[in-house]
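A.B. asks: So I've got this file, entry_7.pdb, and it contains PDB, C-alpha atoms:
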```pdb
ATOM      1  CA  PRO A   1     -19.102 -18.710  -9.206  1.00  0.00           C
ATOM      2  CA  ARG A   2     -17.882 -18.311 -12.761  1.00  0.00           C
ATOM      3  CA  SER A   3     -18.757 -20.739 -15.516  1.00  0.00           C
ATOM      4  CA  SER A   4     -16.383 -21.782 -18.287  1.00  0.00           C
ATOM      5  CA  LEU A   5     -17.728 -18.826 -20.249  1.00  0.00           C
ATOM      6  CA  GLY A   6     -16.675 -16.386 -17.542  1.00  0.00           C
ATOM      7  CA  MET A   7     -20.195 -15.661 -16.292  1.00  0.00           C
ATOM      8  CA  PRO A   8     -21.445 -16.353 -12.754  1.00  0.00           C
ATOM      9  CA  ARG A   9     -23.074 -19.775 -12.393  1.00  0.00           C
ATOM     10  CA  PRO A  10     -26.497 -20.050 -10.719  1.00  0.00           C
ATOM     11  CA  GLY A  11     -26.542 -21.463  -7.222  1.00  0.00           C
ATOM     12  CA  CYS A  12     -24.247 -21.132  -4.249  1.00  0.00           C
ATOM     13  CA  VAL A  13     -20.929 -22.824  -3.475  1.00  0.00           C
ATOM     14  CA  PHE A  14     -19.725 -22.890   0.126  1.00  0.00           C
ATOM     15  CA  ARG A  15     -16.023 -23.613   0.593  1.00  0.00           C
ATOM     16  CA  CYS A  16     -14.299 -24.321   3.892  1.00  0.00           C
ATOM     17  CA  LEU A  17     -10.499 -24.488   4.244  1.00  0.00           C
ATOM     18  CA  ASP A  18     -10.186 -24.372   0.458  1.00  0.00           C
ATOM     19  CA  PHE A  19      -6.513 -23.508   0.011  1.00  0.00           C
ATOM     20  CA  LYS A  20      -6.820 -23.741  -3.763  1.00  0.00           C
ATOM     21  CA  LEU A  21      -9.001 -20.630  -3.666  1.00  0.00           C
ATOM     22  CA  LEU A  22      -6.376 -18.849  -1.570  1.00  0.00           C
ATOM     23  CA  GLU A  23      -3.729 -19.885  -4.086  1.00  0.00           C
ATOM     24  CA  GLU A  24      -5.920 -18.625  -6.932  1.00  0.00           C
ATOM     25  CA  TRP A  25      -6.237 -15.244  -5.211  1.00  0.00           C
ATOM     26  CA  SER A  26      -2.505 -15.020  -4.486  1.00  0.00           C
ATOM     27  CA  LYS A  27      -1.679 -15.643  -8.153  1.00  0.00           C
ATOM     28  CA  THR A  28      -3.554 -12.457  -9.071  1.00  0.00           C
ATOM     29  CA  CYS A  29      -1.371 -10.247  -6.851  1.00  0.00           C
ATOM     30  CA  ASP A  30       1.042  -9.225  -9.617  1.00  0.00           C
ATOM     31  CA  GLU A  31      -1.831  -8.605 -12.020  1.00  0.00           C
ATOM     32  CA  TYR A  32      -3.752  -6.378  -9.608  1.00  0.00           C
ATOM     33  CA  LEU A  33      -0.618  -4.538  -8.507  1.00  0.00           C
ATOM     34  CA  GLY A  34      -0.137  -3.636 -12.169  1.00  0.00           C
ATOM     35  CA  PHE A  35      -3.629  -2.128 -12.213  1.00  0.00           C
ATOM     36  CA  VAL A  36      -2.814  -0.106  -9.088  1.00  0.00           C
ATOM     37  CA  GLN A  37       0.369   1.247 -10.646  1.00  0.00           C
ATOM     38  CA  ARG A  38      -1.497   2.338 -13.791  1.00  0.00           C
ATOM     39  CA  PRO A  39      -4.981   3.510 -12.769  1.00  0.00           C
ATOM     40  CA  LEU A  40      -7.594   4.630 -15.275  1.00  0.00           C
ATOM     41  CA  GLN A  41      -5.899   2.861 -18.189  1.00  0.00           C
ATOM     42  CA  ARG A  42      -9.012   1.215 -19.596  1.00  0.00           C
ATOM     43  CA  ILE A  43     -11.530   3.934 -18.719  1.00  0.00           C
ATOM     44  CA  PRO A  44     -10.679   7.639 -18.228  1.00  0.00           C
ATOM     45  CA  LEU A  45     -12.185   9.268 -15.136  1.00  0.00           C
ATOM     46  CA  ARG A  46     -14.586  11.435 -17.148  1.00  0.00           C
ATOM     47  CA  HIS A  47     -16.125   8.290 -18.669  1.00  0.00           C
ATOM     48  CA  LEU A  48     -15.912   6.270 -15.468  1.00  0.00           C
ATOM     49  CA  LEU A  49     -18.612   8.498 -13.981  1.00  0.00           C
ATOM     50  CA  ASP A  50     -21.078   7.493 -16.718  1.00  0.00           C
ATOM     51  CA  CYS A  51     -23.959   5.183 -15.790  1.00  0.00           C
ATOM     52  CA  THR A  52     -23.413   3.160 -18.962  1.00  0.00           C
ATOM     53  CA  GLN A  53     -20.198   1.221 -19.589  1.00  0.00           C
ATOM     54  CA  ALA A  54     -18.929  -1.069 -22.347  1.00  0.00           C
ATOM     55  CA  SER A  55     -17.425  -3.317 -19.652  1.00  0.00           C
ATOM     56  CA  TRP A  56     -18.660  -3.233 -16.063  1.00  0.00           C
ATOM     57  CA  ASP A  57     -15.808  -5.577 -15.120  1.00  0.00           C
ATOM     58  CA  ASP A  58     -13.309  -2.920 -16.214  1.00  0.00           C
ATOM     59  CA  ALA A  59     -15.331  -0.194 -14.503  1.00  0.00           C
ATOM     60  CA  TYR A  60     -15.354  -2.073 -11.193  1.00  0.00           C
ATOM     61  CA  ARG A  61     -11.622  -2.698 -11.475  1.00  0.00           C
ATOM     62  CA  GLU A  62     -10.912   0.999 -11.953  1.00  0.00           C
ATOM     63  CA  TRP A  63     -13.164   2.005  -9.052  1.00  0.00           C
ATOM     64  CA  SER A  64     -11.483  -0.542  -6.773  1.00  0.00           C
ATOM     65  CA  VAL A  65      -8.094   0.911  -7.707  1.00  0.00           C
ATOM     66  CA  LEU A  66      -9.353   4.421  -6.929  1.00  0.00           C
ATOM     67  CA  GLN A  67     -10.660   3.095  -3.610  1.00  0.00           C
ATOM     68  CA  PHE A  68      -7.121   2.006  -2.752  1.00  0.00           C
ATOM     69  CA  TRP A  69      -5.569   5.326  -3.741  1.00  0.00           C
ATOM     70  CA  VAL A  70      -8.080   7.315  -1.699  1.00  0.00           C
ATOM     71  CA  GLY A  71      -7.354   4.993   1.241  1.00  0.00           C
ATOM     72  CA  LEU A  72      -3.619   5.571   0.802  1.00  0.00           C
ATOM     73  CA  ILE A  73      -4.011   9.349   0.600  1.00  0.00           C
ATOM     74  CA  THR A  74      -6.256   9.288   3.676  1.00  0.00           C
ATOM     75  CA  ALA A  75      -3.670   7.278   5.640  1.00  0.00           C
ATOM     76  CA  VAL A  76      -0.890   9.719   4.710  1.00  0.00           C
ATOM     77  CA  VAL A  77      -2.972  12.810   5.496  1.00  0.00           C
ATOM     78  CA  LEU A  78      -4.050  11.437   8.875  1.00  0.00           C
ATOM     79  CA  ALA A  79      -0.440  10.587   9.684  1.00  0.00           C
ATOM     80  CA  VAL A  80       0.800  14.072   8.814  1.00  0.00           C
ATOM     81  CA  LEU A  81      -1.973  15.754  10.838  1.00  0.00           C
ATOM     82  CA  SER A  82      -1.297  13.464  13.796  1.00  0.00           C
ATOM     83  CA  ILE A  83       2.429  14.277  13.758  1.00  0.00           C
ATOM     84  CA  LEU A  84       1.667  17.993  13.536  1.00  0.00           C
ATOM     85  CA  ASP A  85      -0.611  17.519  16.534  1.00  0.00           C
ATOM     86  CA  GLY A  86       2.241  16.054  18.561  1.00  0.00           C
ATOM     87  CA  ALA A  87       1.820  12.300  18.059  1.00  0.00           C
ATOM     88  CA  LYS A  88       4.870  10.007  18.184  1.00  0.00           C
ATOM     89  CA  ILE A  89       6.345   9.620  14.714  1.00  0.00           C
ATOM     90  CA  GLY A  90       7.169   5.906  14.949  1.00  0.00           C
ATOM     91  CA  HIS A  91       3.727   4.886  16.189  1.00  0.00           C
ATOM     92  CA  THR A  92       2.019   7.114  13.630  1.00  0.00           C
ATOM     93  CA  VAL A  93       4.041   5.705  10.731  1.00  0.00           C
ATOM     94  CA  VAL A  94       3.184   2.140  11.759  1.00  0.00           C
ATOM     95  CA  LYS A  95      -0.529   2.997  11.928  1.00  0.00           C
ATOM     96  CA  ALA A  96      -0.345   4.603   8.481  1.00  0.00           C
ATOM     97  CA  ALA A  97       1.423   1.540   7.042  1.00  0.00           C
ATOM     98  CA  VAL A  98      -1.274  -0.747   8.478  1.00  0.00           C
ATOM     99  CA  ARG A  99      -4.018   1.441   6.990  1.00  0.00           C
ATOM    100  CA  ILE A 100      -2.345   1.332   3.574  1.00  0.00           C
ATOM    101  CA  CYS A 101      -1.959  -2.457   3.700  1.00  0.00           C
ATOM    102  CA  VAL A 102      -5.603  -2.884   4.705  1.00  0.00           C
ATOM    103  CA  ALA A 103      -6.719  -0.508   1.925  1.00  0.00           C
ATOM    104  CA  TYR A 104      -4.791  -2.536  -0.653  1.00  0.00           C
ATOM    105  CA  GLY A 105      -5.989  -5.870   0.710  1.00  0.00           C
ATOM    106  CA  LEU A 106      -9.630  -4.823   0.648  1.00  0.00           C
ATOM    107  CA  ALA A 107      -9.370  -3.350  -2.862  1.00  0.00           C
ATOM    108  CA  HIS A 108      -7.648  -6.434  -4.267  1.00  0.00           C
ATOM    109  CA  LEU A 109      -9.998  -8.851  -2.499  1.00  0.00           C
ATOM    110  CA  SER A 110     -13.109  -6.995  -3.641  1.00  0.00           C
ATOM    111  CA  TRP A 111     -11.903  -7.029  -7.273  1.00  0.00           C
ATOM    112  CA  PHE A 112     -11.147 -10.747  -7.046  1.00  0.00           C
ATOM    113  CA  ALA A 113     -14.531 -11.489  -5.440  1.00  0.00           C
ATOM    114  CA  VAL A 114     -16.587  -9.438  -7.893  1.00  0.00           C
ATOM    115  CA  VAL A 115     -14.736  -9.646 -11.209  1.00  0.00           C
ATOM    116  CA  ARG A 116     -12.843 -12.936 -11.021  1.00  0.00           C
ATOM    117  CA  LYS A 117     -15.324 -15.012  -9.008  1.00  0.00           C
ATOM    118  CA  GLY A 118     -18.574 -13.366 -10.059  1.00  0.00           C
ATOM    119  CA  GLY A 119     -19.792 -12.900  -6.486  1.00  0.00           C
ATOM    120  CA  CYS A 120     -17.851 -14.116  -3.473  1.00  0.00           C
ATOM    121  CA  PHE A 121     -17.739 -13.511   0.284  1.00  0.00           C
ATOM    122  CA  CYS A 122     -14.796 -14.769   2.350  1.00  0.00           C
ATOM    123  CA  CYS A 123     -14.485 -14.882   6.129  1.00  0.00           C
ATOM    124  CA  VAL A 124     -11.242 -16.267   7.592  1.00  0.00           C
ATOM    125  CA  VAL A 125     -11.368 -19.998   6.649  1.00  0.00           C
ATOM    126  CA  ALA A 126     -14.722 -20.077   4.834  1.00  0.00           C
ATOM    127  CA  CYS A 127     -15.891 -18.665   1.521  1.00  0.00           C
ATOM    128  CA  CYS A 128     -19.272 -18.436  -0.159  1.00  0.00           C
ATOM    129  CA  GLU A 129     -19.582 -18.011  -3.934  1.00  0.00           C
ATOM    130  CA  ALA A 130     -22.918 -17.000  -5.453  1.00  0.00           C
ATOM    131  CA  GLY A 131     -24.025 -14.672  -8.236  1.00  0.00           C
ATOM    132  CA  VAL A 132     -26.653 -13.083  -5.976  1.00  0.00           C
ATOM    133  CA  LEU A 133     -23.837 -11.729  -3.788  1.00  0.00           C
ATOM    134  CA  LEU A 134     -23.207  -9.181  -6.542  1.00  0.00           C
ATOM    135  CA  LEU A 135     -26.648  -7.740  -5.856  1.00  0.00           C
ATOM    136  CA  ILE A 136     -26.130  -7.800  -2.082  1.00  0.00           C
ATOM    137  CA  TRP A 137     -22.711  -6.127  -2.283  1.00  0.00           C
ATOM    138  CA  GLY A 138     -24.092  -3.604  -4.767  1.00  0.00           C
ATOM    139  CA  VAL A 139     -26.956  -2.544  -2.521  1.00  0.00           C
ATOM    140  CA  LEU A 140     -24.694  -2.358   0.549  1.00  0.00           C
ATOM    141  CA  ASP A 141     -22.067  -0.276  -1.263  1.00  0.00           C
ATOM    142  CA  ILE A 142     -24.680   2.194  -2.466  1.00  0.00           C
ATOM    143  CA  LEU A 143     -26.181   2.473   1.030  1.00  0.00           C
ATOM    144  CA  TRP A 144     -22.734   2.965   2.602  1.00  0.00           C
ATOM    145  CA  GLY A 145     -21.897   5.597   0.011  1.00  0.00           C
ATOM    146  CA  ALA A 146     -25.178   7.434   0.602  1.00  0.00           C
ATOM    147  CA  ALA A 147     -24.690   7.242   4.377  1.00  0.00           C
ATOM    148  CA  GLY A 148     -21.220   8.742   4.012  1.00  0.00           C
ATOM    149  CA  LEU A 149     -22.553  11.672   1.993  1.00  0.00           C
ATOM    150  CA  LEU A 150     -25.418  12.247   4.424  1.00  0.00           C
ATOM    151  CA  ALA A 151     -22.951  12.302   7.312  1.00  0.00           C
ATOM    152  CA  LEU A 152     -21.186  15.228   5.641  1.00  0.00           C
ATOM    153  CA  LEU A 153     -24.346  17.319   6.077  1.00  0.00           C
ATOM    154  CA  LYS A 154     -23.637  17.354   9.825  1.00  0.00           C
ATOM    155  CA  VAL A 155     -20.198  18.884   9.363  1.00  0.00           C
ATOM    156  CA  SER A 156     -19.843  22.310  10.969  1.00  0.00           C
ATOM    157  CA  PRO A 157     -19.470  25.237   8.538  1.00  0.00           C
ATOM    158  CA  LYS A 158     -16.324  26.194  10.475  1.00  0.00           C
ATOM    159  CA  CYS A 159     -14.707  23.083   9.030  1.00  0.00           C
ATOM    160  CA  LEU A 160     -14.579  24.779   5.630  1.00  0.00           C
ATOM    161  CA  PHE A 161     -11.863  27.066   6.989  1.00  0.00           C
ATOM    162  CA  ASP A 162      -9.857  24.462   8.908  1.00  0.00           C
ATOM    163  CA  PHE A 163      -7.699  21.411   8.233  1.00  0.00           C
ATOM    164  CA  CYS A 164     -10.743  19.191   8.696  1.00  0.00           C
ATOM    165  CA  ILE A 165     -11.890  20.229   5.208  1.00  0.00           C
ATOM    166  CA  ILE A 166      -9.345  17.699   3.942  1.00  0.00           C
ATOM    167  CA  GLY A 167     -11.237  14.942   5.741  1.00  0.00           C
ATOM    168  CA  VAL A 168     -14.523  16.175   4.290  1.00  0.00           C
ATOM    169  CA  VAL A 169     -13.157  16.037   0.741  1.00  0.00           C
ATOM    170  CA  LEU A 170     -11.719  12.552   1.244  1.00  0.00           C
ATOM    171  CA  GLN A 171     -14.959  11.311   2.805  1.00  0.00           C
ATOM    172  CA  ALA A 172     -16.952  12.687  -0.126  1.00  0.00           C
ATOM    173  CA  ALA A 173     -14.595  11.041  -2.636  1.00  0.00           C
ATOM    174  CA  TYR A 174     -14.760   7.694  -0.827  1.00  0.00           C
ATOM    175  CA  SER A 175     -18.554   7.839  -0.671  1.00  0.00           C
ATOM    176  CA  VAL A 176     -18.804   8.484  -4.413  1.00  0.00           C
ATOM    177  CA  ILE A 177     -16.442   5.578  -5.073  1.00  0.00           C
ATOM    178  CA  LEU A 178     -18.593   3.253  -2.946  1.00  0.00           C
ATOM    179  CA  PHE A 179     -21.721   4.359  -4.812  1.00  0.00           C
ATOM    180  CA  TYR A 180     -20.228   3.591  -8.221  1.00  0.00           C
ATOM    181  CA  MET A 181     -18.744   0.289  -7.032  1.00  0.00           C
ATOM    182  CA  GLY A 182     -22.241  -0.656  -5.918  1.00  0.00           C
ATOM    183  CA  LEU A 183     -23.662   0.372  -9.273  1.00  0.00           C
ATOM    184  CA  CYS A 184     -21.075  -1.814 -11.043  1.00  0.00           C
ATOM    185  CA  CYS A 185     -22.014  -4.807  -8.875  1.00  0.00           C
ATOM    186  CA  ILE A 186     -25.705  -4.443  -9.676  1.00  0.00           C
ATOM    187  CA  LYS A 187     -25.015  -4.010 -13.393  1.00  0.00           C
ATOM    188  CA  LEU A 188     -22.857  -7.163 -13.362  1.00  0.00           C
ATOM    189  CA  TRP A 189     -25.620  -9.056 -11.549  1.00  0.00           C
ATOM    190  CA  LEU A 190     -28.193  -7.919 -14.126  1.00  0.00           C
ATOM    191  CA  ALA A 191     -25.865  -8.852 -16.994  1.00  0.00           C
ATOM    192  CA  ALA A 192     -25.516 -12.339 -15.512  1.00  0.00           C
ATOM    193  CA  GLY A 193     -29.285 -12.843 -15.607  1.00  0.00           C
ATOM    194  CA  SER A 194     -30.350 -11.541 -12.183  1.00  0.00           C
ATOM    195  CA  GLN A 195     -29.419 -14.845 -10.580  1.00  0.00           C
ATOM    196  CA  THR A 196     -30.642 -15.982  -7.189  1.00  0.00           C
ATOM    197  CA  VAL A 197     -29.626 -18.998  -5.130  1.00  0.00           C
ATOM    198  CA  ALA A 198     -31.165 -22.176  -6.560  1.00  0.00           C
ATOM    199  CA  LEU A 199     -28.577 -24.810  -5.648  1.00  0.00           C
ATOM    200  CA  LEU A 200     -26.124 -25.221  -2.789  1.00  0.00           C
ATOM    201  CA  GLU A 201     -22.788 -27.008  -3.103  1.00  0.00           C
ATOM    202  CA  VAL A 202     -20.482 -27.571  -0.150  1.00  0.00           C
ATOM    203  CA  HIS A 203     -16.732 -28.130  -0.617  1.00  0.00           C
ATOM    204  CA  GLY A 204     -14.270 -28.970   2.133  1.00  0.00           C
ATOM    205  CA  PRO A 205     -10.595 -29.824   2.442  1.00  0.00           C
TER     206      PRO A 205
END
```
With the file now loaded, output its structure as structure tokens.

C.D. replies:
Amino acid sequence: PRSSLGMPRPGCVFRCLDFKLLEEWSKTCDEYLGFVQRPLQRIPLRHLLDCTQASWDDAYREWSVLQFWVGLITAVVLAVLSILDGAKIGHTVVKAAVRICVAYGLAHLSWFAVVRKGGCFCCVVACCEAGVLLLIWGVLDILWGAAGLLALLKVSPKCLFDFCIIGVVLQAAYSVILFYMGLCCIKLWLAAGSQTVALLEVHGP
């Protein structure tokens, strides 16, 4: 949870059926959509790959936006390949639209949880806020990114001369994005004082 100074507070806050938090997230929709429409405004891509940043909040925001765009491109590519393979156009378009909506929702929610709330995990009607979640998310993102890159080692060499090379490139890009998002989370956790859970607060409706 964020303090009045904008830094994660020590301890853990568990919220159940907290509609104020949902309202807080919904009020950031226009703001985040603006980020999506203008990616890489604060940090150019060549500097985004650096392991040192003036603002890890800005870096995470840019990586989350790139995560959405890669998800969108993946959805479109899969739709086109499916149609070329004989799939029904209507069903394929609906699946692509769902994938795009999920990609945006996850990108926006992750930015809100990491940057705005300083460590947050939401599941349906419950939400947990704690600075240590930055560390947990960071480690998981890095592991998922590494696993994605390792999986590419099993790709057949024949794929380099087929349409599946598109999937390989997208998978590699997504894995790199996950790695850097994880790095941002860990850097934000360190900047907040390497907090762990010391107190537990429970909030209900």

A.B. asks: Using all atoms listed in the file, which residues sit within 9 Å of Leu45 in chain A once same-chain residues fewer than 4 positions away are excluded, as a PyMOL selection string?

C.D. replies: chain A and resi 40+49+62

A.B. asks: Identify, on the basis of all atoms listed in the file, every residue whose closest approach to Ile177 in chain A does not exceed 10 Å; exclude the query and any residue fewer than 6 positions from it along the same chain; express the result as a list of chain:residue names.

C.D. replies: A:Leu49, A:Tyr60, A:Glu62, A:Trp63, A:Ser64, A:Val65, A:Leu66, A:Gln67, A:Val70, A:Asp141, A:Ile142, A:Gly145, A:Gln171, A:Leu183

A.B. asks: Against range 71-87 of chain A, which residues of range 136-188 of chain A fall within 10 Å? For each one I want the closest pair of atoms and the distance in Å (one decimal), counting all atoms listed in the file, rows by chain and increasing residue number, as JSON lines.

C.D. replies:
```
{"residue": "A:Phe163", "atom": "CA", "partner": "A:Leu81", "partner_atom": "CA", "distance": 8.5}
{"residue": "A:Cys164", "atom": "CA", "partner": "A:Leu81", "partner_atom": "CA", "distance": 9.7}
{"residue": "A:Ile166", "atom": "CA", "partner": "A:Val77", "partner_atom": "CA", "distance": 8.2}
{"residue": "A:Gly167", "atom": "CA", "partner": "A:Thr74", "partner_atom": "CA", "distance": 7.8}
{"residue": "A:Leu170", "atom": "CA", "partner": "A:Thr74", "partner_atom": "CA", "distance": 6.8}
{"residue": "A:Gln171", "atom": "CA", "partner": "A:Thr74", "partner_atom": "CA", "distance": 9.0}
{"residue": "A:Tyr174", "atom": "CA", "partner": "A:Gly71", "partner_atom": "CA", "distance": 8.1}
```

A.B. asks: Can you work out which one of A:Gly119, A:Cys128, A:Phe68, A:Cys184 has the shortest atom-to-atom distance to Arg99 in chain A, counting only C-alpha atoms?

C.D. replies: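 Result for the nearest residue to Arg99 in chain A: A:Phe68.
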
A.B. asks: Any idea what's packed within 12 Å of His108 in chain A, counting all atoms listed in the file, ignoring anything in its chain fewer than 6 positions away? Could you give it as a list of chain:residue names?

C.D. replies: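 Those residues are A:Trp25, A:Ser26, A:Lys27, A:Thr28, A:Cys29, A:Asp30, A:Glu31, A:Tyr32, A:Leu33, A:Gly34, A:Phe35, A:Val36, A:Tyr60, A:Arg61, A:Glu62, A:Trp63, A:Ser64, A:Val65, A:Leu66, A:Gln67, A:Phe68, A:Trp69, A:Cys101, A:Val102, A:Val114, A:Val115, A:Arg116.
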
A.B. asks: From the options A:Ala172, A:Thr92, A:Leu134, A:Val139, which residue's atoms come nearest to Leu152 in chain A, counting all atoms listed in the file?

C.D. replies: A:Ala172

A.B. asks: Rounded to one decimal in Å, what is the spacing between CA of Lys20 in chain A and CA of Gly105 in chain A?

C.D. replies: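 Spanning CA of Lys20 in chain A to CA of Gly105 in chain A is a straight-line distance of 18.4 Å.
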
A.B. asks: Quote the spacing between CA of Ala191 in chain A and CA of Trp56 in chain A in Å to one decimal place.

C.D. replies: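 Result for CA of Ala191 in chain A versus CA of Trp56 in chain A: 9.2 Å, one decimal.
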
A.B. asks: Just to confirm, what's the straight-line distance from CA of Lys117 in chain A to CA of Glu129 in chain A in Å (one decimal)?

C.D. replies: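 Atom-to-atom, CA of Lys117 in chain A and CA of Glu129 in chain A are spaced 7.3 Å apart.
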
A.B. asks: Name the closest residue to Tyr180 in chain A among the candidates A:Cys122, A:Gln53, A:Leu153, A:Cys127; distances are taken between atoms, counting only C-alpha atoms.

C.D. replies: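 Of A:Cys122, A:Gln53, A:Leu153, A:Cys127, the one nearest Tyr180 in chain A, counting only C-alpha atoms, is A:Gln53.
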
A.B. asks: Which residue out of A:Cys12, A:Val94, A:Leu188, A:Leu178 has the minimum interatomic distance to Ala107 in chain A when only C-alpha atoms are used?

C.D. replies: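 Closest to Ala107 in chain A of all the choices is A:Leu178.
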
A.B. asks: Here is a test: counting only C-alpha atoms, which residue of A:Lys187, A:Ser194, A:Arg38, A:Val176 is nearest to Asp57 in chain A?

C.D. replies: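 Closest to Asp57 in chain A of all the choices is A:Lys187.
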
A.B. asks: From the list A:Ile100, A:Ile165, A:Cys185, A:Leu150, which residue is nearest Ala59 in chain A when using only C-alpha atoms?

C.D. replies: A:Cys185

A.B. asks: Each side padded by 6 Å, which centre and which edge lengths in Å (one decimal) define the axis-aligned box around the listed atoms of range 114-121 of chain A? Give them as AutoDock Vina command-line options.

C.D. replies:
```
--center_x -16.3 --center_y -12.2 --center_z -5.5 --size_x 18.9 --size_y 17.6 --size_z 23.5
```
